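Q: Take a look at data_8.cif, mmCIF, C-alpha atoms:
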```cif
data_upload
#
loop_
_atom_site.label_atom_id
_atom_site.label_comp_id
_atom_site.auth_asym_id
_atom_site.auth_seq_id
_atom_site.Cartn_x
_atom_site.Cartn_y
_atom_site.Cartn_z
CA MET K 1 -62.49 -83.34 142.77
CA VAL K 2 -65.12 -80.61 142.84
CA LEU K 3 -63.30 -78.73 140.07
CA VAL K 4 -63.17 -81.88 137.93
CA VAL K 5 -66.91 -82.47 138.36
CA GLU K 6 -67.68 -78.82 137.56
CA ARG K 7 -65.46 -78.91 134.47
CA THR K 8 -67.17 -82.10 133.30
CA ARG K 9 -70.56 -80.51 133.80
CA LEU K 10 -69.59 -77.46 131.77
CA ASP K 11 -68.11 -79.63 129.03
CA ASN K 12 -71.34 -81.61 128.87
CA GLU K 13 -73.35 -78.40 128.65
CA ASP K 14 -71.14 -77.17 125.80
CA LEU K 15 -71.63 -80.50 124.01
CA MET K 16 -75.40 -80.29 124.42
CA ARG K 17 -75.43 -76.75 123.01
CA GLU K 18 -73.30 -77.93 120.11
CA GLN K 19 -75.64 -80.86 119.42
CA GLN K 20 -78.61 -78.51 119.31
CA SER K 21 -77.10 -76.60 116.39
CA ILE K 22 -77.50 -77.65 112.75
CA VAL K 23 -75.32 -77.19 109.68
CA TYR K 24 -77.22 -77.05 106.37
CA VAL K 25 -75.25 -78.13 103.31
CA ILE K 26 -76.62 -77.01 99.92
CA ASP K 27 -74.75 -78.35 96.90
CA ASP K 28 -76.00 -80.03 93.71
CA ASP K 29 -72.82 -82.14 93.49
CA GLU K 30 -73.69 -85.33 95.34
CA ALA K 31 -70.06 -86.30 95.96
CA VAL K 32 -69.21 -82.92 97.51
CA ARG K 33 -72.44 -82.86 99.46
CA GLU K 34 -71.79 -86.28 100.96
CA SER K 35 -68.12 -85.62 101.74
CA VAL K 36 -68.89 -82.33 103.49
CA THR K 37 -71.74 -83.96 105.40
CA ASP K 38 -69.54 -86.87 106.48
CA LEU K 39 -66.76 -84.52 107.60
CA LEU K 40 -69.07 -82.37 109.69
CA ARG K 41 -70.79 -85.37 111.26
CA SER K 42 -67.42 -86.91 112.09
CA VAL K 43 -66.76 -84.06 114.53
CA GLY K 44 -70.22 -84.20 116.08
CA HIS K 45 -72.27 -81.71 114.06
CA ASP K 46 -75.91 -82.34 113.22
CA VAL K 47 -76.12 -81.94 109.43
CA GLN K 48 -78.95 -81.69 106.90
CA SER K 49 -78.04 -81.71 103.20
CA PHE K 50 -79.97 -80.50 100.16
CA ARG K 51 -79.52 -80.64 96.38
CA SER K 52 -81.03 -77.20 95.80
CA ALA K 53 -81.97 -73.99 97.56
CA GLN K 54 -85.66 -74.67 96.91
CA GLU K 55 -85.40 -78.05 98.60
CA PHE K 56 -83.88 -76.31 101.60
CA LEU K 57 -86.54 -73.58 101.64
CA ASP K 58 -89.33 -76.16 101.41
CA SER K 59 -88.01 -78.23 104.30
CA PRO K 60 -89.02 -77.71 107.94
CA ARG K 61 -86.27 -76.24 110.11
CA PRO K 62 -86.11 -76.49 113.89
CA ASP K 63 -85.71 -73.31 115.89
CA ALA K 64 -82.03 -73.89 116.64
CA PRO K 65 -78.70 -72.19 115.96
CA GLY K 66 -77.25 -73.03 112.57
CA CYS K 67 -75.30 -72.00 109.52
CA ILE K 68 -75.34 -72.80 105.80
CA VAL K 69 -72.58 -74.24 103.65
CA LEU K 70 -73.66 -73.05 100.20
CA ASP K 71 -72.25 -73.81 96.76
CA VAL K 72 -71.75 -70.62 94.76
CA ARG K 73 -72.97 -72.18 91.52
CA LEU K 74 -76.27 -73.98 91.69
CA PRO K 75 -78.42 -74.86 88.64
CA GLY K 76 -80.20 -71.77 87.37
CA GLN K 77 -78.94 -69.33 90.00
CA SER K 78 -75.84 -68.08 91.74
CA GLY K 79 -75.07 -68.48 95.41
CA THR K 80 -75.52 -64.77 96.02
CA GLU K 81 -78.97 -64.95 94.42
CA VAL K 82 -79.81 -67.81 96.75
CA GLN K 83 -78.54 -65.74 99.66
CA ARG K 84 -80.88 -62.89 98.70
CA ARG K 85 -83.76 -65.36 98.54
CA LEU K 86 -82.91 -66.55 102.03
CA VAL K 87 -83.00 -63.00 103.38
CA LYS K 88 -86.35 -62.36 101.67
CA SER K 89 -87.63 -65.55 103.29
CA ASP K 90 -86.54 -64.14 106.67
CA ILE K 91 -83.77 -66.72 107.00
CA HIS K 92 -80.70 -64.99 108.42
CA LEU K 93 -78.43 -67.96 109.03
CA PRO K 94 -74.71 -67.26 108.49
CA VAL K 95 -73.53 -68.44 105.08
CA ILE K 96 -70.24 -70.10 104.11
CA PHE K 97 -69.74 -70.11 100.35
CA ILE K 98 -67.85 -72.93 98.65
CA SER K 99 -66.85 -72.99 95.00
CA ALA K 100 -64.73 -74.88 92.47
CA HIS K 101 -64.51 -71.75 90.33
CA GLY K 102 -63.72 -69.08 92.88
CA ASN K 103 -61.81 -65.90 92.18
CA ILE K 104 -61.03 -62.75 94.11
CA PRO K 105 -63.86 -60.58 92.70
CA MET K 106 -66.37 -63.35 93.40
CA SER K 107 -65.13 -63.82 96.95
CA VAL K 108 -65.23 -60.06 97.58
CA ARG K 109 -68.85 -59.89 96.36
CA ALA K 110 -69.75 -62.85 98.57
CA ILE K 111 -68.23 -61.30 101.68
CA LYS K 112 -69.85 -57.93 100.93
CA SER K 113 -73.21 -59.66 100.59
CA GLY K 114 -72.83 -60.96 104.12
CA ALA K 115 -71.05 -64.33 103.81
CA ILE K 116 -68.70 -65.14 106.66
CA GLU K 117 -66.27 -67.12 104.48
CA PHE K 118 -65.55 -68.06 100.85
CA LEU K 119 -63.74 -71.39 100.43
CA THR K 120 -62.52 -72.96 97.21
CA LYS K 121 -62.75 -76.62 96.24
CA PRO K 122 -61.09 -78.96 96.91
CA LEU K 123 -61.92 -77.85 100.41
CA ASN K 124 -59.38 -77.61 103.19
CA GLU K 125 -61.10 -79.59 105.94
CA GLN K 126 -59.79 -77.51 108.83
CA GLU K 127 -60.72 -74.22 107.13
CA LEU K 128 -64.26 -75.51 106.63
CA LEU K 129 -64.56 -76.73 110.22
CA ASP K 130 -63.23 -73.40 111.53
CA ALA K 131 -65.69 -71.47 109.35
CA VAL K 132 -68.59 -73.60 110.56
CA GLN K 133 -67.61 -72.97 114.18
CA ILE K 134 -67.56 -69.22 113.51
CA GLY K 135 -70.91 -69.41 111.74
CA LEU K 136 -72.60 -71.32 114.56
CA ALA K 137 -71.13 -68.99 117.18
CA ARG K 138 -72.35 -65.96 115.24
CA ASP K 139 -75.86 -67.36 114.94
CA ARG K 140 -75.97 -68.12 118.66
CA ASP K 141 -74.93 -64.53 119.36
CA GLN K 142 -77.58 -63.20 116.95
CA ARG K 143 -80.25 -65.31 118.61
CA GLU K 144 -79.20 -64.15 122.06
CA GLU K 145 -79.33 -60.53 120.91
CA ALA K 146 -82.81 -61.07 119.45
CA LYS K 147 -83.97 -62.77 122.65
CA LEU K 148 -82.73 -59.88 124.78
CA ALA K 149 -84.35 -57.33 122.48
CA ALA K 150 -87.67 -59.19 122.73
CA GLU K 151 -87.42 -59.30 126.52
CA PHE K 152 -86.64 -55.58 126.71
CA HIS K 153 -89.54 -54.79 124.38
CA GLU K 154 -91.89 -56.83 126.56
CA ARG K 155 -90.80 -54.85 129.60
CA TRP K 156 -91.23 -51.57 127.68
CA GLU K 157 -94.80 -52.57 126.84
CA GLN K 158 -95.55 -52.88 130.56
CA LEU K 159 -94.78 -49.19 131.14
CA THR K 160 -97.53 -46.60 131.24
CA PRO K 161 -97.39 -43.71 128.73
CA ARG K 162 -96.15 -41.41 131.50
CA GLU K 163 -93.47 -43.90 132.56
CA ARG K 164 -92.28 -44.16 128.96
CA GLU K 165 -92.04 -40.38 128.80
CA ILE K 166 -90.04 -40.32 132.03
CA LEU K 167 -87.76 -43.14 130.82
CA LYS K 168 -86.85 -41.21 127.66
CA LEU K 169 -85.79 -38.30 129.84
CA ILE K 170 -83.96 -40.43 132.40
CA VAL K 171 -81.66 -41.99 129.79
CA THR K 172 -80.51 -38.52 128.72
CA GLY K 173 -79.00 -38.09 132.18
CA ARG K 174 -81.47 -35.47 133.37
CA PRO K 175 -81.92 -35.36 137.16
CA SER K 176 -85.41 -35.81 138.64
CA LYS K 177 -85.73 -32.08 139.45
CA GLN K 178 -85.14 -31.09 135.81
CA ILE K 179 -87.49 -33.80 134.52
CA ALA K 180 -90.18 -32.58 136.92
CA ALA K 181 -89.88 -29.07 135.54
CA GLU K 182 -90.10 -30.30 131.93
CA VAL K 183 -93.15 -32.54 132.35
CA GLY K 184 -95.00 -30.38 134.88
CA LEU K 185 -94.91 -32.81 137.81
CA SER K 186 -93.53 -32.60 141.33
CA GLU K 187 -90.05 -33.92 141.89
CA MET K 188 -91.44 -36.55 144.28
CA THR K 189 -93.88 -37.80 141.65
CA VAL K 190 -91.08 -38.07 139.11
CA LYS K 191 -89.02 -40.08 141.60
CA VAL K 192 -91.95 -42.47 142.06
CA HIS K 193 -92.28 -42.88 138.29
CA ARG K 194 -88.53 -43.33 138.05
CA SER K 195 -88.66 -46.11 140.64
CA HIS K 196 -91.47 -47.84 138.75
CA VAL K 197 -89.51 -47.60 135.50
CA MET K 198 -86.45 -49.19 137.07
CA GLN K 199 -88.54 -51.98 138.58
CA LYS K 200 -90.55 -52.79 135.46
CA MET K 201 -87.50 -52.68 133.21
CA ARG K 202 -85.56 -54.73 135.80
CA ALA K 203 -82.67 -52.30 135.63
CA ASN K 204 -80.14 -52.38 138.45
CA SER K 205 -78.63 -49.04 137.53
CA LEU K 206 -78.88 -46.11 135.15
CA VAL K 207 -76.25 -47.80 132.99
CA ASP K 208 -78.49 -50.89 132.69
CA LEU K 209 -81.45 -48.73 131.76
CA VAL K 210 -79.49 -46.84 129.11
CA ARG K 211 -78.27 -50.13 127.65
CA MET K 212 -81.84 -51.42 127.39
CA ALA K 213 -83.08 -48.16 125.92
CA ASP K 214 -80.30 -48.25 123.36
CA ARG K 215 -81.26 -51.80 122.32
CA LEU K 216 -84.84 -50.63 121.87
CA GLY K 217 -83.83 -47.55 119.91
CA ILE K 218 -85.30 -45.32 122.58
CA THR K 219 -82.16 -43.26 123.05
CA LYS K 220 -82.52 -42.08 119.45
CA MET K 221 -86.04 -40.88 120.22
CA ALA K 222 -85.10 -39.21 123.47
CA PRO K 223 -85.40 -35.40 123.45
#
```
So that I can check it, write out the structure of this file as structure tokens.
A:
Amino acid sequence: MVLVVERTRLDNEDLMREQQSIVYVIDDDEAVRESVTDLLRSVGHDVQSFRSAQEFLDSPRPDAPGCIVLDVRLPGQSGTEVQRRLVKSDIHLPVIFISAHGNIPMSVRAIKSGAIEFLTKPLNEQELLDAVQIGLARDRDQREEAKLAAEFHERWEQLTPREREILKLIVTGRPSKQIAAEVGLSEMTVKVHRSHVMQKMRANSLVDLVRMADRLGITKMAP
């Protein structure tokens, strides 16, 4: 009984996370736009649809995981041009291209430009649903990575200049005695700084600290 309740709780949490995500459909063809929207909503996705990229860019967007289903050929611009505009607007949502005129060179260019999938019309419903799931999962992962990086940076900012210097040496694997000799401090003082670094960075081990430093790009700066 306990396992059933726990499983139900986890399923409900998964559903809530899924409901918090949004799929943006951008296509000037009203029939396609409505059919894609209806399909995605039929399986529980929150969907917002737009006739043009500008309409999408001008609309408010909640801070939630999402992905974009984007027609390759929109009036006056190609899908890849729209994708570049999105990047310039600091919108890094995963993109799924759809097209009635797709070919191999076009699909290769789309994938190289960062699209996660290139689907041809008439759309295979399951392929579209699978691509959307991948897109939403990727955006959740990207957001989690960004959140972790922000948290690590906040912890880094709490370090004193000396502690930052010590951290850069710690992540190279140098022992406290060697660090002390390099920075001109006593070994005991270095150990105190080392303890403060571990506490402020909330690292449980040297491996944790190295992982954080790597996320922050500190390992590349380390001597």
Q: Can you work out the spacing between CA of Arg73 in chain K and CA of Ile116 in chain K in Å, to one decimal?
A: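 Computing it gives 17.2 Å between the two atoms.
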Q: Calculate how many Å separate CA of Pro60 in chain K from CA of Pro75 in chain K, rounding to one decimal.
A: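 CA of Pro60 in chain K sits 22.2 Å away from CA of Pro75 in chain K.
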Q: What gap, in Å, lies between CA of Leu74 in chain K and CA of Asp28 in chain K?
A: 6.4 Å
Q: Do you know which residues the PyMOL selection byres ((chain K and resi 173) around 12) returns on this file, as a ChimeraX atom specification?
A: /K:166-172,174-179,206-207,209-210,219,222-223
Q: Can you pull out the residues contacting Glu163 in chain K? Cut-off 10 Å, using all atoms listed in the file, and skip same-chain residues under 3 positions away; I want them as a VMD selection string.
A: chain K and resid 156 158 to 160 166 to 169 190 192 to 198 200
Q: Given only C-alpha atoms as the basis, pick out the residue of K:Ala149, K:Glu30, K:Arg162, K:Val82 nearest to Val183 in chain K.
A: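 Smallest distance to Val183 in chain K is found for K:Arg162.
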Q: Tell me which of K:Arg164, K:Lys121, K:Arg140, K:Lys112 sits closest to Ile22 in chain K, counting only C-alpha atoms.
A: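 For Ile22 in chain K, the nearest of the given residues is K:Arg140.
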Q: Any chance you could work out the residue set of the PyMOL selection byres ((chain K and resi 92-102) around 6) here, as a PyMOL selection string?
A: chain K and resi 67-72+87+91+103+115-121+135
Q: Residues picked by the PyMOL selection byres ((chain K and resi 25) around 8) here, as JSON, numbers by chain?
A: {"K": [23, 24, 26, 27, 33, 36, 37, 47, 48, 49, 50, 68, 69, 70]}
